[in-house]
file start.txt (compact mmCIF, C-alpha atoms)
# COMPACT_ATOMS: atom_id res chain seq x y z
CA MET A 18 207.06 -13.24 293.35
CA GLU A 19 205.45 -16.60 293.11
CA ARG A 20 202.85 -15.68 295.78
CA ARG A 21 202.10 -12.35 294.14
CA GLY A 22 202.00 -14.10 290.77
CA GLY A 23 199.52 -16.56 292.21
CA LYS A 24 197.29 -13.72 293.31
CA ALA A 25 197.48 -12.19 289.86
CA ILE A 26 196.55 -15.46 288.27
CA ARG A 27 193.60 -15.86 290.62
CA ARG A 28 192.32 -12.34 289.94
CA TRP A 29 192.65 -12.84 286.20
CA GLY A 30 190.93 -16.20 286.50
CA THR A 31 188.07 -14.63 288.45
CA ALA A 32 187.64 -11.98 285.80
CA VAL A 33 187.48 -14.57 283.05
CA ILE A 34 184.94 -16.65 284.94
CA ALA A 35 182.77 -13.58 285.55
CA SER A 36 182.88 -12.64 281.88
CA ALA A 37 181.97 -16.15 280.90
CA ALA A 38 179.01 -15.98 283.25
CA VAL A 39 177.81 -12.76 281.61
CA LEU A 40 178.13 -14.34 278.18
CA SER A 41 176.28 -17.44 279.27
CA VAL A 42 173.32 -15.26 280.34
CA ALA A 43 173.42 -12.95 277.30
CA ALA A 44 173.37 -15.70 274.69
CA PRO A 45 170.07 -17.33 275.77
CA THR A 46 168.44 -13.90 276.03
CA ALA A 47 169.28 -13.12 272.41
CA THR A 48 168.06 -16.58 271.40
CA ALA A 49 164.82 -16.08 273.31
CA GLN A 50 164.21 -12.77 271.60
CA ALA A 51 164.79 -14.31 268.20
CA ALA A 52 162.44 -17.18 269.04
CA GLN A 53 159.78 -14.73 270.18
CA ALA A 54 160.02 -12.77 266.95
CA ALA A 55 159.82 -15.98 264.95
CA SER A 56 156.74 -17.19 266.83
CA GLY A 57 154.51 -14.36 265.70
CA PRO A 58 153.72 -10.64 265.91
CA SER A 59 153.95 -9.05 269.34
CA GLY A 60 151.50 -6.69 271.00
CA VAL A 61 148.35 -7.93 269.23
CA SER A 62 145.26 -7.05 271.31
CA ALA A 63 142.76 -9.39 269.59
CA LYS A 64 141.30 -12.26 271.57
CA GLY A 65 141.09 -14.31 268.39
CA ALA A 66 143.28 -13.99 265.29
CA TYR A 67 144.53 -15.87 262.27
CA LEU A 68 147.08 -15.09 259.59
CA LEU A 69 147.26 -17.00 256.31
CA ASP A 70 149.47 -17.04 253.25
CA ASN A 71 146.78 -16.97 250.57
CA GLY A 72 148.95 -18.48 247.85
CA THR A 73 150.11 -21.53 249.74
CA ASN A 74 147.05 -21.74 252.01
CA LYS A 75 149.42 -22.15 254.95
CA LYS A 76 148.87 -20.77 258.44
CA LEU A 77 151.46 -18.19 259.42
CA TRP A 78 150.25 -17.45 262.95
CA SER A 79 147.12 -17.66 265.06
CA ARG A 80 145.60 -17.02 268.46
CA ALA A 81 142.62 -19.03 269.74
CA ALA A 82 142.12 -20.14 266.14
CA ASP A 83 139.21 -22.48 266.88
CA THR A 84 137.42 -20.59 269.64
CA LYS A 85 133.89 -19.61 268.62
CA ARG A 86 133.13 -15.90 268.82
CA PRO A 87 130.38 -13.60 267.52
CA MET A 88 131.45 -11.88 264.29
CA ALA A 89 129.24 -8.78 263.94
CA SER A 90 129.06 -7.35 260.41
CA THR A 91 131.86 -9.51 259.06
CA THR A 92 128.80 -11.75 258.58
CA LYS A 93 128.08 -9.67 255.47
CA LEU A 94 131.05 -11.24 253.72
CA MET A 95 129.12 -14.51 253.63
CA THR A 96 126.02 -12.63 252.48
CA ALA A 97 128.02 -11.39 249.48
CA VAL A 98 129.54 -14.82 248.81
CA VAL A 99 126.15 -16.54 248.72
CA VAL A 100 124.89 -13.95 246.23
CA LEU A 101 127.94 -14.16 243.99
CA ASP A 102 128.08 -17.96 244.11
CA THR A 103 124.46 -18.22 242.98
CA ARG A 104 124.37 -20.06 239.67
CA GLY A 105 123.73 -17.68 236.79
CA VAL A 106 123.72 -14.61 239.06
CA ASN A 107 122.80 -11.45 237.15
CA LEU A 108 124.71 -8.56 238.67
CA ALA A 109 122.72 -6.09 236.53
CA LYS A 110 119.38 -7.29 237.91
CA LYS A 111 117.39 -4.36 239.33
CA VAL A 112 116.11 -4.58 242.89
CA THR A 113 113.47 -2.17 244.13
CA VAL A 114 114.07 -0.89 247.65
CA LYS A 115 111.19 -1.72 250.00
CA GLN A 116 110.16 0.27 253.05
CA SER A 117 110.61 -2.90 255.10
CA TYR A 118 114.38 -2.78 254.50
CA ILE A 119 114.54 0.75 255.84
CA ASP A 120 112.26 -0.01 258.79
CA TYR A 121 114.24 -3.11 259.73
CA THR A 122 117.55 -1.28 259.76
CA ALA A 123 116.12 1.48 261.92
CA SER A 124 114.55 -1.01 264.34
CA VAL A 125 117.85 -2.83 265.01
CA GLY A 126 119.98 0.31 264.97
CA GLY A 127 122.17 -1.14 262.24
CA SER A 128 124.64 0.62 259.99
CA LYS A 129 123.03 1.57 256.70
CA ALA A 130 123.62 2.36 253.06
CA ASP A 131 120.74 4.82 253.47
CA LEU A 132 118.69 3.25 250.70
CA LYS A 133 115.53 5.12 249.69
CA LYS A 134 112.15 3.51 249.13
CA GLY A 135 111.36 2.88 245.49
CA ASP A 136 114.92 3.32 244.21
CA LYS A 137 116.06 0.62 241.81
CA LEU A 138 119.61 -0.57 242.41
CA THR A 139 121.42 -3.38 240.66
CA VAL A 140 122.65 -6.41 242.55
CA LYS A 141 126.21 -5.17 242.06
CA GLN A 142 125.34 -1.76 243.48
CA LEU A 143 123.76 -3.43 246.49
CA LEU A 144 127.02 -5.35 247.02
CA TYR A 145 128.82 -2.01 247.26
CA GLY A 146 126.18 -0.80 249.72
CA LEU A 147 126.58 -4.01 251.70
CA LEU A 148 130.37 -4.11 251.91
CA LEU A 149 131.51 -0.45 251.99
CA PRO A 150 129.17 1.36 254.42
CA SER A 151 128.11 -2.05 255.80
CA GLY A 152 124.46 -1.46 255.01
CA CYS A 153 122.02 -3.70 256.83
CA ASP A 154 119.35 -2.37 254.47
CA ALA A 155 121.42 -3.58 251.51
CA ALA A 156 121.91 -6.94 253.25
CA MET A 157 118.17 -7.38 253.66
CA ALA A 158 117.53 -6.36 250.04
CA LEU A 159 119.94 -9.06 248.84
CA ALA A 160 118.59 -11.71 251.23
CA ASP A 161 115.03 -10.92 250.16
CA THR A 162 116.01 -11.10 246.49
CA PHE A 163 118.05 -14.32 246.61
CA GLY A 164 116.00 -16.22 249.17
CA THR A 165 112.97 -18.33 248.32
CA GLY A 166 109.42 -18.16 249.65
CA ASP A 167 106.26 -16.10 249.33
CA THR A 168 107.06 -13.54 252.04
CA THR A 169 110.09 -11.43 252.94
CA ALA A 170 110.38 -13.31 256.25
CA LYS A 171 110.47 -16.69 254.50
CA ARG A 172 112.89 -15.49 251.86
CA THR A 173 115.36 -14.02 254.33
CA LYS A 174 115.14 -17.17 256.47
CA SER A 175 115.89 -19.37 253.46
CA PHE A 176 118.81 -17.10 252.56
CA ILE A 177 120.31 -17.60 256.01
CA ALA A 178 119.95 -21.36 255.43
CA GLN A 179 121.96 -20.89 252.23
CA MET A 180 124.64 -19.10 254.26
CA ASN A 181 124.94 -22.07 256.59
CA LYS A 182 125.01 -24.48 253.66
CA LYS A 183 127.85 -22.50 252.09
CA ALA A 184 129.74 -22.47 255.40
CA SER A 185 129.48 -26.26 255.53
CA ALA A 186 130.68 -26.57 251.93
CA LEU A 187 133.72 -24.42 252.73
CA GLY A 188 134.64 -26.57 255.72
CA MET A 189 133.69 -23.90 258.25
CA THR A 190 132.78 -26.52 260.84
CA LYS A 191 132.56 -24.15 263.81
CA THR A 192 130.52 -21.41 262.15
CA HIS A 193 126.80 -20.75 262.30
CA TYR A 194 124.63 -17.93 260.99
CA ASP A 195 121.28 -16.83 262.36
CA THR A 196 121.27 -13.49 260.55
CA PHE A 197 122.03 -12.05 257.12
CA ASP A 198 123.76 -8.93 258.48
CA GLY A 199 125.45 -9.82 261.77
CA ILE A 200 122.79 -8.46 264.12
CA SER A 201 121.88 -11.63 265.94
CA GLN A 202 118.55 -12.01 267.69
CA GLY A 203 119.24 -15.48 269.07
CA GLY A 204 122.94 -15.35 269.85
CA GLN A 205 123.73 -18.14 267.39
CA ASN A 206 125.80 -16.13 264.95
CA TYR A 207 129.41 -17.12 265.47
CA THR A 208 132.61 -18.21 263.77
CA THR A 209 136.27 -18.84 264.53
CA PRO A 210 139.37 -17.09 263.19
CA ARG A 211 140.33 -20.21 261.22
CA ASP A 212 136.85 -20.59 259.70
CA MET A 213 136.60 -16.93 258.74
CA THR A 214 139.95 -17.15 256.98
CA LYS A 215 138.57 -19.97 254.84
CA LEU A 216 135.69 -17.72 253.84
CA ALA A 217 137.98 -14.78 253.12
CA ARG A 218 140.23 -16.88 250.89
CA HIS A 219 137.23 -18.15 248.96
CA ALA A 220 135.80 -14.64 248.65
CA LEU A 221 139.00 -13.22 247.19
CA GLY A 222 138.73 -15.80 244.43
CA ASN A 223 135.75 -13.88 243.04
CA SER A 224 136.91 -10.94 240.91
CA THR A 225 133.74 -8.92 241.46
CA LEU A 226 133.98 -9.20 245.22
CA GLY A 227 137.69 -8.43 245.09
CA THR A 228 136.99 -5.23 243.18
CA VAL A 229 134.27 -4.15 245.60
CA VAL A 230 136.12 -4.76 248.88
CA LYS A 231 139.28 -2.92 247.82
CA SER A 232 137.34 0.24 246.92
CA VAL A 233 138.00 3.09 249.35
CA ASP A 234 134.79 4.75 248.21
CA THR A 235 132.29 4.68 245.36
CA ILE A 236 129.65 6.79 243.65
CA GLN A 237 126.61 4.88 242.42
CA LYS A 238 123.67 6.32 240.49
CA ALA A 239 120.26 4.65 240.51
CA PRO A 240 116.75 5.45 239.19
CA ALA A 241 114.73 7.01 242.01
CA ALA A 242 111.06 6.50 242.72
CA ASN A 243 110.24 10.01 241.48
CA GLY A 244 111.69 9.26 238.06
CA ARG A 245 114.91 11.15 238.68
CA THR A 246 118.38 9.77 239.33
CA ARG A 247 119.66 9.39 242.85
CA THR A 248 123.38 9.42 243.60
CA TYR A 249 124.74 7.32 246.44
CA TYR A 250 128.13 8.17 247.97
CA TRP A 251 129.57 5.33 250.00
CA ASN A 252 132.84 5.23 251.94
CA ASN A 253 134.51 2.00 253.01
CA THR A 254 134.51 1.56 256.78
CA ASN A 255 137.76 -0.43 256.49
CA ARG A 256 140.47 2.08 257.42
CA LEU A 257 143.29 -0.21 256.34
CA LEU A 258 142.38 0.83 252.79
CA GLY A 259 144.13 4.02 251.85
CA SER A 260 146.38 3.68 254.91
CA TYR A 261 148.37 0.45 254.70
CA SER A 262 150.39 -0.10 251.54
CA GLY A 263 149.03 -3.07 249.59
CA ALA A 264 145.73 -3.40 251.50
CA ILE A 265 142.97 -4.95 249.36
CA GLY A 266 140.03 -5.37 251.79
CA ILE A 267 138.01 -7.06 253.21
CA LYS A 268 135.27 -6.37 255.85
CA THR A 269 134.76 -4.69 259.21
CA GLY A 270 132.41 -5.56 262.05
CA THR A 271 131.60 -4.02 265.42
CA GLY A 272 129.16 -4.95 268.17
CA THR A 273 128.76 -4.97 271.93
CA ALA A 274 129.39 -8.69 272.35
CA PRO A 275 131.65 -9.26 269.31
CA GLY A 276 133.81 -6.20 269.99
CA ARG A 277 135.76 -4.85 267.02
CA CYS A 278 136.35 -7.37 264.26
CA LEU A 279 138.20 -7.23 260.97
CA VAL A 280 138.74 -9.53 258.02
CA PHE A 281 141.63 -8.12 256.02
CA ALA A 282 144.07 -8.80 253.22
CA ALA A 283 147.10 -7.15 251.67
CA LYS A 284 149.21 -7.89 248.62
CA ARG A 285 152.90 -7.10 248.16
CA ASN A 286 155.33 -8.34 245.53
CA GLY A 287 152.82 -10.84 244.25
CA ARG A 288 152.16 -12.35 247.69
CA THR A 289 148.75 -12.05 249.34
CA VAL A 290 148.29 -12.40 253.09
CA VAL A 291 144.84 -12.80 254.64
CA GLY A 292 144.03 -12.09 258.27
CA VAL A 293 141.15 -12.29 260.71
CA ILE A 294 140.74 -10.41 263.98
CA LEU A 295 137.87 -11.09 266.40
CA ASN A 296 137.22 -8.96 269.46
CA ALA A 297 140.13 -6.54 269.30
CA PRO A 298 140.32 -3.22 271.15
CA LYS A 299 142.92 -2.08 268.59
CA ARG A 300 142.01 -3.90 265.39
CA TYR A 301 143.81 -1.65 262.90
CA PRO A 302 147.12 -1.51 264.78
CA ASP A 303 146.72 -5.26 265.26
CA ALA A 304 146.27 -5.78 261.52
CA LYS A 305 149.31 -3.64 260.80
CA LYS A 306 151.45 -5.62 263.24
CA MET A 307 150.28 -8.90 261.77
CA LEU A 308 150.86 -7.84 258.18
CA ASP A 309 154.23 -6.26 258.92
CA TRP A 310 155.30 -9.45 260.62
CA ALA A 311 154.15 -11.54 257.64
CA PHE A 312 155.84 -9.27 255.10
CA GLN A 313 158.90 -8.72 257.34
CA ALA A 314 158.40 -4.99 257.00
CA GLN A 315 158.06 -1.84 259.08
CA THR A 316 155.29 0.11 257.40
CA LYS A 317 154.71 3.76 258.12
CA VAL A 318 150.99 4.40 258.39
CA THR A 319 148.83 7.50 258.61
CA TRP A 320 145.36 6.19 259.28
CA ARG A 321 142.70 7.31 256.84
CA GLN A 322 139.98 9.29 258.55
CA LEU A 323 136.41 8.49 257.61
CA PRO A 324 134.34 11.43 256.37
CA LYS A 325 132.08 13.00 258.96
CA GLY A 326 128.89 11.03 259.39
CA THR A 327 130.33 7.74 258.10
CA PRO A 328 129.43 4.86 260.44
CA GLU A 329 132.58 3.26 261.84
CA ASP A 330 131.40 -0.32 261.73
call {"tool": "encode", "arguments": {"input": "start.txt", "output": "structure tokens"}}
result
Amino acid sequence: MERRGGKAIRRWGTAVIASAAVLSVAAPTATAQAAQAASGPSGVSAKGAYLLDNGTNKKLWSRAADTKRPMASTTKLMTAVVVLDTRGVNLAKKVTVKQSYIDYTASVGGSKADLKKGDKLTVKQLLYGLLLPSGCDAAMALADTFGTGDTTAKRTKSFIAQMNKKASALGMTKTHYDTFDGISQGGQNYTTPRDMTKLARHALGNSTLGTVVKSVDTIQKAPAANGRTRTYYWNNTNRLLGSYSGAIGIKTGTGTAPGRCLVFAAKRNGRTVVGVILNAPKRYPDAKKMLDWAFQAQTKVTWRQLPKGTPED
């Protein structure tokens, strides 16, 4: 009895030890999973990214936050900021479209607002053409209008200098612009996820810009060169809008070297989260993952399809 009892005790003891071993493995695994979820969103494809709580100005998560990368047409966000931060800016000022804007856009193969020579658009209308269809022609029109000098070349060059001055003022220490639209000729148009978030936060502080970038589409009428009225239909290239609940902007960008870029923001329950994605094969799913993580949500999304012929910048 005692010998058999000893065997029973040993078997029972072995079973307990084995169970304890299983528990000792399981507990750290659960802890590791929790730590991973707490550290940031998973499955983000972007090489560079940054996520910011706009209200507190606190970083929520980042990847390669200070690595310089080309930014493509997200450059146009600074173009808009420089215009809107101009002292005494008149948004109703009429700008006549020059052939040079059209020729430039065609020569670089840039996305366009399809402006027509001789049409007279207001500065505010040009901002819609700049930020929704990502018009390089609209970018040049604004740079030519708000730059200084006696030629278009000098005016656009001085405007780019204003962009760099504004970047410095905003503390964007690792950002440089050599273009008003993101199509760089010298390869010196770059930013970092952290820097671009500073710009995005500043931009959202302007009510006009905030209204423009959250527009899914717009219809703008302008006097045409022939004396009639031309109607422009522009769709926003940012597919987060109309797809992700609470999305309020901000700007897309795509290029061979920059890859797919996105500056985005969403607002829920009074809280605004701003994000930046640079060089991302899957920028919209990335943005969704980042925002869902920030809002602690699981958002069901059906991605808005751009109308046929809309450039997917």
call {"tool": "residues_around", "arguments": {"input": "start.txt", "residues": "A:Ser90", "least_positions_apart": "4", "cutoff": "6 Å", "atoms": "all atoms listed in the file", "output": "PDB file with C-alpha atoms, keeping the file's coordinate frame"}}
result
ATOM      1  CA  ASP A 198     123.760  -8.930 258.480  1.00  0.00           C
ATOM      2  CA  GLY A 199     125.450  -9.820 261.770  1.00  0.00           C
ATOM      3  CA  GLY A 270     132.410  -5.560 262.050  1.00  0.00           C
TER       4      GLY A 270
END
call {"tool": "residues_around", "arguments": {"input": "start.txt", "residues": "A:Asn252", "least_positions_apart": "2", "cutoff": "12 Å", "atoms": "only C-alpha atoms", "output": "ChimeraX atom specification"}}
result
/A:129-130,145-152,229-237,249-250,254-256,258-259,321-330
call {"tool": "atom_distance", "arguments": {"input": "start.txt", "atom1": "atom CA of A:Met189", "atom2": "atom CA of A:Lys85"}}
result
11.2 Å
call {"tool": "residues_around", "arguments": {"input": "start.txt", "residues": "A:Pro58", "least_positions_apart": "6", "cutoff": "8 Å", "atoms": "all atoms listed in the file", "output": "PyMOL selection string"}}
result
chain A and resi 306-307+310
call {"tool": "atom_distance", "arguments": {"input": "start.txt", "atom1": "atom CA of A:Ala178", "atom2": "atom CA of A:Ala97"}}
result
14.1 Å
call {"tool": "closest_atom_pairs", "arguments": {"input": "start.txt", "of": "stretch 166-240 of chain A", "to": "stretch 277-301 of chain A", "cutoff": "9 Å", "atoms": "all atoms listed in the file", "output": "CSV"}}
result
residue,atom,partner,partner_atom,distance
A:Thr209,CA,A:Leu295,CA,8.1
A:Pro210,CA,A:Val293,CA,5.7
A:Arg211,CA,A:Val293,CA,8.0
A:Met213,CA,A:Val293,CA,6.8
A:Thr214,CA,A:Val293,CA,6.2
A:Ala217,CA,A:Val280,CA,7.2
A:Arg218,CA,A:Val291,CA,7.2
call {"tool": "atom_distance", "arguments": {"input": "start.txt", "atom1": "atom CA of A:Ser185", "atom2": "atom CA of A:Leu68"}}
result
21.2 Å
call {"tool": "residues_around", "arguments": {"input": "start.txt", "residues": "A:Ile177", "least_positions_apart": "3", "cutoff": "12 Å", "atoms": "all atoms listed in the file", "output": "PyMOL selection string"}}
result
chain A and resi 92-93+95-97+99-100+156-157+159-161+163-165+170-174+180-184+193-199+201+205-206
